[in-house]
$ cat structure-v8.cif   # mmCIF, C-alpha atoms and all ligand atoms
data_structure
#
loop_
_atom_site.label_atom_id
_atom_site.label_comp_id
_atom_site.auth_asym_id
_atom_site.auth_seq_id
_atom_site.Cartn_x
_atom_site.Cartn_y
_atom_site.Cartn_z
CA MET A 1 115.80 86.27 169.04
CA ARG A 2 114.92 89.87 168.20
CA PRO A 3 116.76 91.55 171.16
CA LEU A 4 119.89 89.55 170.25
CA ARG A 5 119.62 90.71 166.63
CA GLU A 6 119.14 94.33 167.75
CA GLY A 7 122.09 94.03 170.17
CA LEU A 8 124.38 92.70 167.44
CA LEU A 9 123.32 95.49 165.08
CA ILE A 10 124.06 98.09 167.77
CA LEU A 11 127.47 96.45 168.36
CA SER A 12 128.11 96.62 164.61
CA ARG A 13 128.53 100.39 165.18
CA SER A 14 130.87 100.07 168.20
CA ARG A 15 134.34 101.37 167.43
CA ALA A 16 135.82 99.85 170.62
CA LEU A 17 134.53 96.37 169.84
CA LYS A 18 135.59 96.78 166.25
CA ARG A 19 139.18 97.49 167.41
CA LEU A 20 139.15 94.36 169.56
CA VAL A 21 137.48 92.06 167.06
CA THR A 22 139.50 93.06 164.03
CA THR A 23 142.69 91.81 165.70
CA LEU A 24 141.22 88.39 164.97
CA PRO A 25 143.05 86.81 162.03
CA VAL A 26 140.86 86.98 158.92
CA SER A 27 141.40 83.27 158.52
CA SER A 28 139.15 82.73 161.55
CA SER A 29 136.59 80.29 160.26
CA VAL A 30 133.51 82.47 160.80
CA VAL A 31 135.01 85.54 159.08
CA ARG A 32 136.36 83.35 156.29
CA SER A 33 132.97 81.80 155.69
CA TYR A 34 131.58 85.22 154.68
CA VAL A 35 134.68 87.07 153.38
CA PRO A 36 137.11 85.25 151.06
CA GLY A 37 140.06 87.46 152.02
CA GLU A 38 141.54 90.88 152.55
CA ARG A 39 143.45 91.36 149.27
CA VAL A 40 142.46 91.86 145.62
CA ASP A 41 144.19 88.55 144.78
CA ASP A 42 141.89 86.75 147.23
CA VAL A 43 138.76 88.17 145.66
CA VAL A 44 139.96 87.54 142.09
CA ARG A 45 140.52 83.89 143.06
CA ALA A 46 137.05 83.68 144.63
CA VAL A 47 135.35 85.24 141.57
CA THR A 48 137.30 82.90 139.26
CA ARG A 49 136.05 79.88 141.25
CA LEU A 50 132.46 81.18 141.10
CA ALA A 51 132.76 81.77 137.34
CA GLU A 52 133.97 78.18 136.91
CA GLN A 53 130.72 77.11 138.59
CA GLY A 54 128.63 79.20 136.18
CA LEU A 55 127.98 81.94 138.77
CA HIS A 56 128.30 85.73 138.43
CA ALA A 57 129.61 88.07 141.13
CA THR A 58 129.25 91.55 142.50
CA VAL A 59 132.33 92.54 144.48
CA ASP A 60 132.27 94.87 147.47
CA HIS A 61 135.46 96.53 148.74
CA LEU A 62 134.51 96.52 152.41
CA GLY A 63 134.19 99.86 154.19
CA GLU A 64 131.48 102.20 155.44
CA ASP A 65 131.01 105.37 157.52
CA THR A 66 134.23 106.88 156.19
CA THR A 67 135.40 109.74 158.38
CA ASP A 68 137.86 111.62 156.18
CA VAL A 69 138.33 112.63 152.57
CA GLU A 70 141.60 110.68 152.16
CA GLN A 71 139.92 107.48 153.34
CA ALA A 72 137.14 108.03 150.77
CA GLU A 73 139.74 108.59 148.04
CA ALA A 74 141.56 105.41 149.11
CA ALA A 75 138.30 103.48 148.68
CA VAL A 76 137.92 104.87 145.14
CA ALA A 77 141.51 103.85 144.35
CA ALA A 78 140.80 100.36 145.70
CA TYR A 79 137.80 100.04 143.36
CA ALA A 80 139.90 101.25 140.41
CA GLU A 81 142.52 98.59 141.15
CA LEU A 82 139.85 95.93 141.67
CA LEU A 83 138.21 96.76 138.32
CA LYS A 84 141.59 96.70 136.60
CA GLN A 85 142.32 93.26 138.02
CA LEU A 86 138.88 91.87 137.14
CA SER A 87 139.40 93.06 133.57
CA ALA A 88 143.00 91.74 133.41
CA HIS A 89 141.75 88.30 134.51
CA GLY A 90 138.97 88.29 131.89
CA LEU A 91 136.27 88.45 134.58
CA SER A 92 134.46 91.68 133.61
CA HIS A 93 131.59 89.85 131.92
CA ARG A 94 131.10 87.83 135.12
CA ALA A 95 131.70 90.41 137.84
CA GLU A 96 130.46 93.90 138.61
CA VAL A 97 131.05 95.94 141.79
CA SER A 98 128.83 96.99 144.70
CA VAL A 99 129.57 100.30 146.42
CA LYS A 100 128.45 101.78 149.75
CA LEU A 101 128.18 105.54 149.39
CA THR A 102 129.27 106.16 153.00
CA ALA A 103 132.54 104.37 152.14
CA ILE A 104 133.26 107.00 149.50
CA GLY A 105 132.29 110.10 151.44
CA LEU A 106 128.50 110.44 151.81
CA ALA A 107 128.72 110.79 155.61
CA LEU A 108 131.46 113.44 155.54
CA PRO A 109 130.51 116.79 157.11
CA ASP A 110 129.66 119.90 155.07
CA GLU A 111 133.04 121.44 156.02
CA ALA A 112 134.91 118.58 154.27
CA ALA A 113 134.42 120.20 150.85
CA PRO A 114 132.01 122.54 149.07
CA GLY A 115 128.75 120.62 148.65
CA GLY A 116 129.67 118.35 151.60
CA GLY A 117 129.46 114.57 151.69
CA PHE A 118 126.79 114.40 148.99
CA LYS A 119 128.99 116.08 146.39
CA ILE A 120 132.09 114.10 147.39
CA ALA A 121 130.22 110.79 147.21
CA LEU A 122 128.65 111.71 143.86
CA GLU A 123 132.00 112.61 142.30
CA ASN A 124 133.66 109.51 143.74
CA ALA A 125 130.79 107.31 142.54
CA ARG A 126 131.12 108.84 139.07
CA ALA A 127 134.84 107.94 139.05
CA ILE A 128 134.01 104.33 139.97
CA CYS A 129 131.26 104.14 137.31
CA ARG A 130 133.73 105.44 134.72
CA ALA A 131 136.35 102.85 135.77
CA ALA A 132 133.68 100.12 135.65
CA ARG A 133 132.58 101.14 132.18
CA ASN A 134 136.20 101.17 130.98
CA ALA A 135 136.58 97.68 132.41
CA GLY A 136 133.40 96.55 130.63
CA THR A 137 131.20 96.15 133.68
CA THR A 138 128.74 97.94 135.98
CA VAL A 139 128.21 99.34 139.49
CA THR A 140 125.38 98.76 141.96
CA LEU A 141 124.89 101.21 144.85
CA ASP A 142 124.32 99.28 148.07
CA MET A 143 121.60 100.67 150.36
CA GLU A 144 122.54 101.53 153.96
CA ASP A 145 120.31 102.55 156.86
CA HIS A 146 117.23 104.69 156.24
CA HIS A 147 119.04 107.98 156.97
CA TRP A 148 120.77 107.52 153.62
CA THR A 149 117.88 106.32 151.44
CA ASP A 150 116.93 109.69 149.91
CA ALA A 151 120.54 110.75 149.33
CA THR A 152 121.40 107.37 147.79
CA LEU A 153 118.44 107.51 145.41
CA ALA A 154 119.29 111.13 144.52
CA ILE A 155 122.87 110.11 143.68
CA LEU A 156 121.51 107.16 141.68
CA ARG A 157 119.37 109.55 139.60
CA GLU A 158 122.40 111.77 138.90
CA LEU A 159 124.63 108.82 137.99
CA ARG A 160 122.04 107.26 135.69
CA LYS A 161 122.12 110.37 133.48
CA ASP A 162 125.61 109.35 132.34
CA PHE A 163 125.67 105.71 133.47
CA PRO A 164 122.13 104.34 133.02
CA GLU A 165 123.43 100.85 133.76
CA THR A 166 124.02 101.74 137.45
CA GLY A 167 122.08 99.41 139.75
CA ALA A 168 120.02 100.35 142.82
CA VAL A 169 119.15 98.46 146.00
CA LEU A 170 115.76 98.67 147.74
CA GLN A 171 114.99 97.16 151.14
CA ALA A 172 111.60 95.46 151.57
CA TYR A 173 111.51 96.22 155.33
CA LEU A 174 111.02 99.97 154.70
CA HIS A 175 107.42 101.23 154.44
CA ARG A 176 108.40 103.44 151.48
CA THR A 177 109.88 100.69 149.33
CA GLU A 178 106.83 99.55 147.37
CA ALA A 179 106.50 103.14 146.06
CA ASP A 180 110.25 103.28 145.34
CA CYS A 181 109.90 100.03 143.36
CA ARG A 182 107.19 101.66 141.24
CA ASP A 183 109.46 104.65 140.57
CA LEU A 184 112.37 102.44 139.57
CA ALA A 185 110.58 99.75 137.53
CA TYR A 186 111.38 101.37 134.19
CA GLU A 187 113.22 99.96 131.21
CA GLY A 188 116.94 99.39 131.75
CA SER A 189 116.67 99.97 135.51
CA ARG A 190 118.55 97.33 137.49
CA VAL A 191 117.05 97.00 140.98
CA ARG A 192 118.25 94.63 143.70
CA LEU A 193 115.47 93.81 146.15
CA CYS A 194 116.61 92.61 149.59
CA LYS A 195 114.89 92.38 152.98
CA GLY A 196 117.21 94.95 154.63
CA ALA A 197 120.05 94.39 157.08
CA TYR A 198 119.99 97.33 159.53
CA ASP A 199 118.24 97.95 162.83
CA GLU A 200 115.40 100.26 161.80
CA PRO A 201 112.73 101.93 163.96
CA ALA A 202 109.06 100.95 163.65
CA ASP A 203 108.07 104.35 162.27
CA VAL A 204 109.98 103.67 159.03
CA ALA A 205 110.19 99.88 158.79
CA TRP A 206 108.28 96.67 159.43
CA THR A 207 109.84 94.91 162.37
CA ASP A 208 107.84 91.67 162.25
CA PRO A 209 109.60 89.24 159.85
CA ALA A 210 106.24 88.11 158.42
CA ASP A 211 105.41 91.72 157.48
CA VAL A 212 108.84 92.11 155.85
CA ASP A 213 108.20 88.94 153.79
CA ARG A 214 104.76 90.21 152.73
CA SER A 215 106.29 93.52 151.69
CA TYR A 216 109.02 91.63 149.79
CA VAL A 217 106.38 89.80 147.74
CA ARG A 218 104.45 93.02 146.98
CA CYS A 219 107.69 94.71 145.85
CA LEU A 220 108.67 91.68 143.81
CA LYS A 221 105.34 91.83 141.97
CA VAL A 222 105.91 95.50 141.10
CA LEU A 223 109.44 94.82 139.84
CA LEU A 224 108.63 91.65 137.88
CA ALA A 225 105.53 93.25 136.31
CA GLY A 226 107.57 96.34 135.38
CA GLN A 227 110.06 97.02 132.60
CA GLY A 228 113.30 96.92 134.60
CA TYR A 229 115.78 94.18 135.47
CA PRO A 230 114.94 92.83 138.96
CA MET A 231 117.76 91.34 141.04
CA ILE A 232 116.14 89.06 143.60
CA ALA A 233 118.51 89.10 146.58
CA THR A 234 117.43 86.60 149.19
CA HIS A 235 118.36 83.19 150.60
CA ASP A 236 114.84 82.60 151.84
CA PRO A 237 113.60 79.34 150.24
CA ARG A 238 109.94 80.42 150.36
CA LEU A 239 110.63 83.77 148.68
CA ILE A 240 112.77 82.08 146.01
CA GLU A 241 109.86 79.74 145.26
CA ILE A 242 107.41 82.65 145.12
CA ALA A 243 109.80 84.61 142.87
CA ALA A 244 109.97 81.68 140.45
CA SER A 245 106.19 81.41 140.18
CA LEU A 246 105.75 85.20 139.85
CA ALA A 247 108.42 85.30 137.12
CA SER A 248 106.44 82.78 135.15
CA ARG A 249 103.11 84.53 135.89
CA TYR A 250 104.51 87.81 134.49
CA GLY A 251 106.01 86.07 131.45
CA ARG A 252 109.59 86.76 132.47
CA ALA A 253 112.12 84.66 130.53
CA GLN A 254 115.28 83.50 132.33
CA GLY A 255 117.93 86.19 131.96
CA THR A 256 115.43 89.08 132.22
CA TYR A 257 115.94 88.98 136.00
CA GLU A 258 118.51 87.37 138.29
CA TYR A 259 118.89 85.84 141.72
CA GLN A 260 121.54 87.14 144.12
CA MET A 261 122.98 85.64 147.30
CA LEU A 262 125.85 86.42 149.63
CA PHE A 263 129.20 84.66 149.42
CA GLY A 264 129.20 81.59 151.65
CA ILE A 265 125.45 81.44 152.21
CA ARG A 266 123.46 78.57 150.66
CA PRO A 267 126.11 77.73 148.01
CA LEU A 268 124.24 74.57 146.99
CA GLU A 269 121.12 76.61 146.26
CA GLN A 270 123.23 79.04 144.21
CA GLN A 271 124.47 76.06 142.21
CA ARG A 272 121.01 74.53 141.85
CA LEU A 273 119.51 77.73 140.43
CA ALA A 274 122.43 78.21 138.02
CA GLU A 275 122.11 74.62 136.81
CA ALA A 276 118.40 75.26 136.22
CA GLY A 277 119.43 78.01 133.77
CA GLU A 278 118.92 81.01 136.07
CA THR A 279 121.38 83.89 136.27
CA VAL A 280 122.81 83.82 139.80
CA ARG A 281 125.09 86.53 141.15
CA VAL A 282 127.06 86.16 144.38
CA TYR A 283 127.91 89.21 146.49
CA VAL A 284 131.59 88.87 147.36
CA PRO A 285 133.02 91.25 149.98
CA TYR A 286 136.76 91.58 150.55
CA GLY A 287 139.15 93.83 152.45
CA THR A 288 140.23 94.59 155.99
CA GLU A 289 137.07 96.50 157.02
CA TRP A 290 134.96 93.38 157.50
CA TYR A 291 133.71 94.11 161.03
CA GLY A 292 130.35 95.84 160.24
CA TYR A 293 129.57 93.34 157.48
CA LEU A 294 130.33 90.38 159.72
CA MET A 295 128.18 91.71 162.58
CA ARG A 296 125.19 92.14 160.23
CA ARG A 297 125.64 88.53 159.05
CA LEU A 298 125.79 87.32 162.68
CA ALA A 299 122.64 89.32 163.44
CA GLU A 300 120.85 87.46 160.63
CA ARG A 301 121.94 84.15 162.07
CA PRO A 302 122.71 84.45 165.77
CA ARG A 303 123.44 80.71 165.97
CA ASN A 304 126.79 81.53 164.27
CA LEU A 305 127.63 83.71 167.25
CA SER A 306 128.89 80.80 169.37
CA PHE A 307 131.47 79.84 166.68
CA PHE A 308 132.50 83.45 166.47
CA LEU A 309 132.90 83.90 170.24
CA THR A 310 134.95 80.70 170.45
CA SER A 311 137.35 81.99 167.81
CA LEU A 312 137.59 85.33 169.67
CA VAL A 313 138.45 83.66 172.96
CA SER A 314 140.99 81.31 171.40
CA LYS A 315 142.80 84.05 169.46
CA LYS A 316 146.55 84.21 170.12
C1 LIG A 401 123.26 90.00 147.06
C2 LIG A 401 122.79 90.66 148.31
C3 LIG A 401 123.03 92.02 148.48
C4 LIG A 401 122.57 92.66 149.61
N1 LIG A 401 122.69 94.02 149.70
C5 LIG A 401 122.13 94.65 150.76
C6 LIG A 401 122.10 96.08 150.83
O1 LIG A 401 122.60 96.79 149.96
N2 LIG A 401 121.50 96.65 151.91
C7 LIG A 401 120.93 95.91 152.91
O2 LIG A 401 120.35 96.49 153.84
N3 LIG A 401 120.97 94.57 152.87
C8 LIG A 401 121.54 93.94 151.83
N4 LIG A 401 121.53 92.56 151.79
C9 LIG A 401 121.18 91.78 153.01
C10 LIG A 401 119.71 91.52 153.10
O3 LIG A 401 119.01 92.73 153.35
C11 LIG A 401 119.39 90.51 154.23
O4 LIG A 401 119.83 91.04 155.44
C12 LIG A 401 120.03 89.15 154.03
O5 LIG A 401 120.02 88.78 152.70
C13 LIG A 401 119.26 88.08 154.83
O6 LIG A 401 117.93 88.05 154.40
P1 LIG A 401 117.27 86.83 153.56
O7 LIG A 401 116.43 87.46 152.50
O8 LIG A 401 118.32 85.94 153.06
O9 LIG A 401 116.28 86.15 154.54
P2 LIG A 401 116.49 85.51 156.04
O10 LIG A 401 115.10 85.26 156.50
O11 LIG A 401 117.35 86.38 156.85
O12 LIG A 401 117.24 84.18 155.73
C14 LIG A 401 116.68 83.11 155.01
C15 LIG A 401 117.60 81.91 155.13
O13 LIG A 401 118.86 82.20 154.55
C16 LIG A 401 119.93 81.66 155.32
N5 LIG A 401 120.72 82.79 155.88
C17 LIG A 401 120.37 84.09 155.90
N6 LIG A 401 121.34 84.84 156.44
C18 LIG A 401 122.31 83.99 156.80
C19 LIG A 401 123.59 84.16 157.41
N7 LIG A 401 124.04 85.36 157.76
N8 LIG A 401 124.34 83.05 157.64
C20 LIG A 401 123.91 81.84 157.26
N9 LIG A 401 122.71 81.61 156.66
C21 LIG A 401 121.92 82.66 156.45
C22 LIG A 401 119.29 80.85 156.39
O14 LIG A 401 119.12 79.55 155.87
C23 LIG A 401 117.95 81.53 156.57
O15 LIG A 401 116.98 80.69 157.10
C24 LIG A 401 121.94 91.91 150.64
C25 LIG A 401 121.71 90.56 150.46
C26 LIG A 401 122.11 89.93 149.31
C27 LIG A 401 121.80 88.48 149.14
#
$ encode --input "structure-v8.cif" --output "C-alpha cells"
Amino acid sequence: MRPLREGLLILSRSRALKRLVTTLPVSSSVVRSYVPGERVDDVVRAVTRLAEQGLHATVDHLGEDTTDVEQAEAAVAAYAELLKQLSAHGLSHRAEVSVKLTAIGLALPDEAAPGGGFKIALENARAICRAARNAGTTVTLDMEDHHWTDATLAILRELRKDFPETGAVLQAYLHRTEADCRDLAYEGSRVRLCKGAYDEPADVAWTDPADVDRSYVRCLKVLLAGQGYPMIATHDPRLIEIAASLASRYGRAQGTYEYQMLFGIRPLEQQRLAEAGETVRVYVPYGTEWYGYLMRRLAERPRNLSFFLTSLVSKK
C-alpha cells in the first residue's frame, strides 16, 4: 500500500494532472464526499447542518503553494468574505477558520516583496486573524510539509503576540513533534495534533504507521498533561479510545480539549462523540482548489481511488 500512497502524494503536486482532474465537475461523488462545494454559500449550508447536529467546524478556503502576490491577496479576501458570512449567519460561535500559510504567500520568492514570502504570509495571516476576531471567532494555522514547519511556528509565535487565540497544528509523524508539543503545551495554547498528511523522508519522519501511532500517543500525553487546549485530530478508533482514557487519567474535563475530524469521514463517530458530551469540530474545506486536498485524502484511503478513476473516465 505504501508505494501507492507515495505515488498519490507525488501526483498531488503535479500541475498537469491537476489541470486534467479539476475539469471534473465538483459534484463528482468522490470530490463531493470530502468537499461540500466550491462557493461560500455551500460551506455556510454545510456548517449550518453540522451546527444543527451539535458539531463545530473549522473552515478551510482551499488553496496552497500560491505563486503570485495577487493570488495570495485573493485568498485573504476570500477568508474575509467567509468570516463575514459565518458571522451574518450566526455561526461564529460554532465555526473558526483553518489557513495554509502557502496559500497566503509563504512560498513566494524573496523578490516578491521586501521580507519575501515570510513577511507577506505574516501580514496576510494578521489580516485574517483580525477579521476572525471581528467576526467573534479564531484562526488555526494548518501545517504543511516539513520544509514549512519552522516558518509556520515562527509566524505562529508572532501572531500569538496580538492574537493569542491562534491555533497551531503539529504532525505526529515528524521526529521533532514531541519536543514541539512540550514547547506549545502552555496555558491558552490551542494545538491540533494530527498524524500528518504529506510524503516525508525517513530522516525527518517516521514512515512505519505503527511508529507514527506510538508518537501520536506520546504527543497526546504531553498535550493532555500540559496547560493548553489539545485538539485531537484523528479518525483512528484506537487513538480515539486511548485519547479518552488519557483525558480521564490527566483529569481533563470535557470541553478542556476537543476531537476533530474531516468533513465526510466517520460522520457517525463524530455524532457519537458529540452525543457523549464531547466537543467535536469538523474540518470543512471548500473552493475550487480542491485537487491537492483530494489527492491527500485518496492517499490515506487508496480504496477510494477506484471510485475516483471511474468518475474521471466517465466525465463528459
Ligand atoms: C481536523 C483535521 C485537520 C487536519 N489538519 C492537518 C494539517 O494541518 N496538516 C496535515 O499534515 N494533516 C492534517 N490532517 C490530516 C491528518 O494528518 C491525517 O492525514 C488524516 O487525519 C488521516 O489520519 P488518521 O489519524 O485519521 O488515521 P488513519 O490511520 O489514516 O485513518 C484511521 C481511519 O480513519 C478513516 N479514514 C482516514 N482517512 C480517510 C479517508 N481519506 N477517507 C475515508 N476514511 C478515512 C478510516 O476508517 C481509517 O481506517 C488533519 C486531519 C484532521 C482530522
$ atom_distance --input "structure-v8.cif" --atom1 "atom CA of Thr166 of chain A" --atom2 "atom CA of Val139 of chain A"
5.2 Å
$ residues_near_ligand --input "structure-v8.cif" --ligand "ligand LIG 401 (chain A)" --cutoff "7 Å" --atoms "only C-alpha atoms and all ligand atoms" --output "NGL selection string"
:A and (142-145 or 169 or 171 or 194-198 or 233-237 or 260-262 or 265-266 or 282-283 or 297-298 or 300-301)
$ write_last_selection --input "structure-v8.cif" --atoms "C-alpha atoms" --output "compact mmCIF listing (two decimals), in the frame of the given file"
# COMPACT_ATOMS: atom_id res chain seq x y z
CA ASP A 142 124.32 99.28 148.07
CA MET A 143 121.60 100.67 150.36
CA GLU A 144 122.54 101.53 153.96
CA ASP A 145 120.31 102.55 156.86
CA VAL A 169 119.15 98.46 146.00
CA GLN A 171 114.99 97.16 151.14
CA CYS A 194 116.61 92.61 149.59
CA LYS A 195 114.89 92.38 152.98
CA GLY A 196 117.21 94.95 154.63
CA ALA A 197 120.05 94.39 157.08
CA TYR A 198 119.99 97.33 159.53
CA ALA A 233 118.51 89.10 146.58
CA THR A 234 117.43 86.60 149.19
CA HIS A 235 118.36 83.19 150.60
CA ASP A 236 114.84 82.60 151.84
CA PRO A 237 113.60 79.34 150.24
CA GLN A 260 121.54 87.14 144.12
CA MET A 261 122.98 85.64 147.30
CA LEU A 262 125.85 86.42 149.63
CA ILE A 265 125.45 81.44 152.21
CA ARG A 266 123.46 78.57 150.66
CA VAL A 282 127.06 86.16 144.38
CA TYR A 283 127.91 89.21 146.49
CA ARG A 297 125.64 88.53 159.05
CA LEU A 298 125.79 87.32 162.68
CA GLU A 300 120.85 87.46 160.63
CA ARG A 301 121.94 84.15 162.07
$ residues_around --input "structure-v8.cif" --residues "segment 11-25 of chain A" --least-positions-apart "3" --cutoff "6 Å" --atoms "all atoms listed in the file" --output "ChimeraX atom specification"
/A:8,28,292,295
$ closest_residue --input "structure-v8.cif" --among "A:His146, A:Arg303, A:Arg182, A:His175" --to "Trp206 of chain A" --atoms "only C-alpha atoms"
A:His175
$ residues_around --input "structure-v8.cif" --residues "Tyr293 of chain A" --least-positions-apart "3" --cutoff "9 Å" --atoms "only C-alpha atoms" --output "PyMOL selection string"
chain A and resi 12+34+62-63+285+289-290+296-298
$ residues_around --input "structure-v8.cif" --residues "segment 81-83 of chain A" --least-positions-apart "3" --cutoff "9 Å" --atoms "all atoms listed in the file" --output "MDAnalysis selection string"
chainID A and resid 40 43:44 59 61 76:78 86:88 92 96:97 128 131:132 134:135 137
$ write_last_selection --input "structure-v8.cif" --atoms "C-alpha atoms" --output "short mmCIF file (atom, residue, chain, number, x, y, z; two decimals), in the frame of the given file"
data_model
loop_
_atom_site.label_atom_id
_atom_site.label_comp_id
_atom_site.auth_asym_id
_atom_site.auth_seq_id
_atom_site.Cartn_x
_atom_site.Cartn_y
_atom_site.Cartn_z
CA VAL A 40 142.46 91.86 145.62
CA VAL A 43 138.76 88.17 145.66
CA VAL A 44 139.96 87.54 142.09
CA VAL A 59 132.33 92.54 144.48
CA HIS A 61 135.46 96.53 148.74
CA VAL A 76 137.92 104.87 145.14
CA ALA A 77 141.51 103.85 144.35
CA ALA A 78 140.80 100.36 145.70
CA LEU A 86 138.88 91.87 137.14
CA SER A 87 139.40 93.06 133.57
CA ALA A 88 143.00 91.74 133.41
CA SER A 92 134.46 91.68 133.61
CA GLU A 96 130.46 93.90 138.61
CA VAL A 97 131.05 95.94 141.79
CA ILE A 128 134.01 104.33 139.97
CA ALA A 131 136.35 102.85 135.77
CA ALA A 132 133.68 100.12 135.65
CA ASN A 134 136.20 101.17 130.98
CA ALA A 135 136.58 97.68 132.41
CA THR A 137 131.20 96.15 133.68
#
$ closest_residue --input "structure-v8.cif" --among "A:Thr138, A:Ser98, A:Thr288, A:Thr66" --to "Ala121 of chain A" --atoms "only C-alpha atoms"
A:Thr66
$ residues_near_point --input "structure-v8.cif" --point "(118.3, 97.6, 144.3)" --cutoff "6 Å" --atoms "all atoms listed in the file" --output "CSV table (one decimal) with C-alpha atoms, keeping the file's coordinate frame"
chain,number,residue,atom,x,y,z
A,168,ALA,CA,120.0,100.4,142.8
A,169,VAL,CA,119.2,98.5,146.0
A,170,LEU,CA,115.8,98.7,147.7
A,191,VAL,CA,117.0,97.0,141.0
A,192,ARG,CA,118.2,94.6,143.7
A,193,LEU,CA,115.5,93.8,146.2
$ closest_residue --input "structure-v8.cif" --among "A:Ala127, A:Leu141, A:Ala151, A:Ala244" --to "Leu106 of chain A" --atoms "all atoms listed in the file"
A:Ala151
$ atom_distance --input "structure-v8.cif" --atom1 "atom CA of Gln270 of chain A" --atom2 "atom CA of Tyr186 of chain A"
27.2 Å
$ residues_near_point --input "structure-v8.cif" --point "(121.0, 83.2, 142.0)" --cutoff "10 Å" --atoms "all atoms listed in the file" --output "PyMOL selection string"
chain A and resi 55-57+231-235+240+257-262+267+269-274+277-282
$ closest_residue --input "structure-v8.cif" --among "A:Glu200, A:Asp41, A:Glu187, A:Asp213" --to "Gln85 of chain A" --atoms "all atoms listed in the file"
A:Asp41
$ residues_around --input "structure-v8.cif" --residues "Lys119 of chain A" --least-positions-apart "2" --cutoff "10 Å" --atoms "only C-alpha atoms" --output "list in words"
Gly105, Leu106, Leu108, Asp110, Ala113, Pro114, Gly115, Gly116, Gly117, Ala121, Leu122, Glu123, Asn124, Ala125 and Ile155 of chain A
$ atom_distance --input "structure-v8.cif" --atom1 "atom CA of Glu64 of chain A" --atom2 "atom CA of Leu159 of chain A"
19.9 Å
$ closest_residue --input "structure-v8.cif" --among "A:Ala299, A:Gly7, A:Val217, A:His93" --to "Ser245 of chain A" --atoms "only C-alpha atoms"
A:Val217
$ closest_residue --input "structure-v8.cif" --among "A:Thr310, A:Thr207, A:Asp183, A:Ala225" --to "Glu6 of chain A" --atoms "all atoms listed in the file"
A:Thr207
$ axis_aligned_box --input "structure-v8.cif" --around "segment 114-132 of chain A" --padding-each-side "5 Å" --output "lines of an AutoDock Vina configuration file"
center_x = 131.6
center_y = 111.3
center_z = 143.2
size_x = 19.6
size_y = 32.4
size_z = 27.0
$ decode --input "structure-v8.cif" --residues "segment 46-57 of chain A" --atoms "N, CA, C and O atoms" --output "PDB file, in the first residue's frame"
ATOM      1  N   ALA A  46     -23.241  23.811   4.759  1.00  0.00           N
ATOM      2  CA  ALA A  46     -22.650  22.620   5.406  1.00  0.00           C
ATOM      3  C   ALA A  46     -22.415  22.880   6.897  1.00  0.00           C
ATOM      4  O   ALA A  46     -22.714  22.023   7.740  1.00  0.00           O
ATOM      5  N   VAL A  47     -21.905  24.072   7.233  1.00  0.00           N
ATOM      6  CA  VAL A  47     -21.639  24.390   8.652  1.00  0.00           C
ATOM      7  C   VAL A  47     -22.961  24.476   9.428  1.00  0.00           C
ATOM      8  O   VAL A  47     -23.053  24.030  10.573  1.00  0.00           O
ATOM      9  N   THR A  48     -23.995  25.031   8.781  1.00  0.00           N
ATOM     10  CA  THR A  48     -25.304  25.117   9.437  1.00  0.00           C
ATOM     11  C   THR A  48     -25.810  23.713   9.766  1.00  0.00           C
ATOM     12  O   THR A  48     -26.284  23.445  10.872  1.00  0.00           O
ATOM     13  N   ARG A  49     -25.665  22.794   8.807  1.00  0.00           N
ATOM     14  CA  ARG A  49     -26.131  21.409   9.041  1.00  0.00           C
ATOM     15  C   ARG A  49     -25.351  20.775  10.191  1.00  0.00           C
ATOM     16  O   ARG A  49     -25.907  20.107  11.054  1.00  0.00           O
ATOM     17  N   LEU A  50     -24.025  21.008  10.210  1.00  0.00           N
ATOM     18  CA  LEU A  50     -23.205  20.444  11.297  1.00  0.00           C
ATOM     19  C   LEU A  50     -23.639  21.029  12.639  1.00  0.00           C
ATOM     20  O   LEU A  50     -23.773  20.307  13.627  1.00  0.00           O
ATOM     21  N   ALA A  51     -23.882  22.356  12.657  1.00  0.00           N
ATOM     22  CA  ALA A  51     -24.293  23.003  13.919  1.00  0.00           C
ATOM     23  C   ALA A  51     -25.606  22.408  14.410  1.00  0.00           C
ATOM     24  O   ALA A  51     -25.781  22.187  15.616  1.00  0.00           O
ATOM     25  N   GLU A  52     -26.513  22.110  13.475  1.00  0.00           N
ATOM     26  CA  GLU A  52     -27.797  21.509  13.871  1.00  0.00           C
ATOM     27  C   GLU A  52     -27.590  20.134  14.522  1.00  0.00           C
ATOM     28  O   GLU A  52     -28.398  19.681  15.301  1.00  0.00           O
ATOM     29  N   GLN A  53     -26.463  19.501  14.165  1.00  0.00           N
ATOM     30  CA  GLN A  53     -26.166  18.189  14.771  1.00  0.00           C
ATOM     31  C   GLN A  53     -25.309  18.314  16.023  1.00  0.00           C
ATOM     32  O   GLN A  53     -24.760  17.330  16.510  1.00  0.00           O
ATOM     33  N   GLY A  54     -25.098  19.555  16.495  1.00  0.00           N
ATOM     34  CA  GLY A  54     -24.302  19.751  17.711  1.00  0.00           C
ATOM     35  C   GLY A  54     -22.805  19.727  17.460  1.00  0.00           C
ATOM     36  O   GLY A  54     -22.013  19.578  18.399  1.00  0.00           O
ATOM     37  N   LEU A  55     -22.392  19.873  16.176  1.00  0.00           N
ATOM     38  CA  LEU A  55     -20.964  19.823  15.849  1.00  0.00           C
ATOM     39  C   LEU A  55     -20.424  21.225  15.579  1.00  0.00           C
ATOM     40  O   LEU A  55     -21.173  22.117  15.157  1.00  0.00           O
ATOM     41  N   HIS A  56     -19.124  21.413  15.810  1.00  0.00           N
ATOM     42  CA  HIS A  56     -18.442  22.664  15.480  1.00  0.00           C
ATOM     43  C   HIS A  56     -17.711  22.470  14.146  1.00  0.00           C
ATOM     44  O   HIS A  56     -17.627  21.347  13.655  1.00  0.00           O
ATOM     45  N   ALA A  57     -17.167  23.577  13.614  1.00  0.00           N
ATOM     46  CA  ALA A  57     -16.463  23.454  12.330  1.00  0.00           C
ATOM     47  C   ALA A  57     -15.217  24.321  12.317  1.00  0.00           C
ATOM     48  O   ALA A  57     -15.113  25.299  13.054  1.00  0.00           O
TER      49      ALA A  57
END
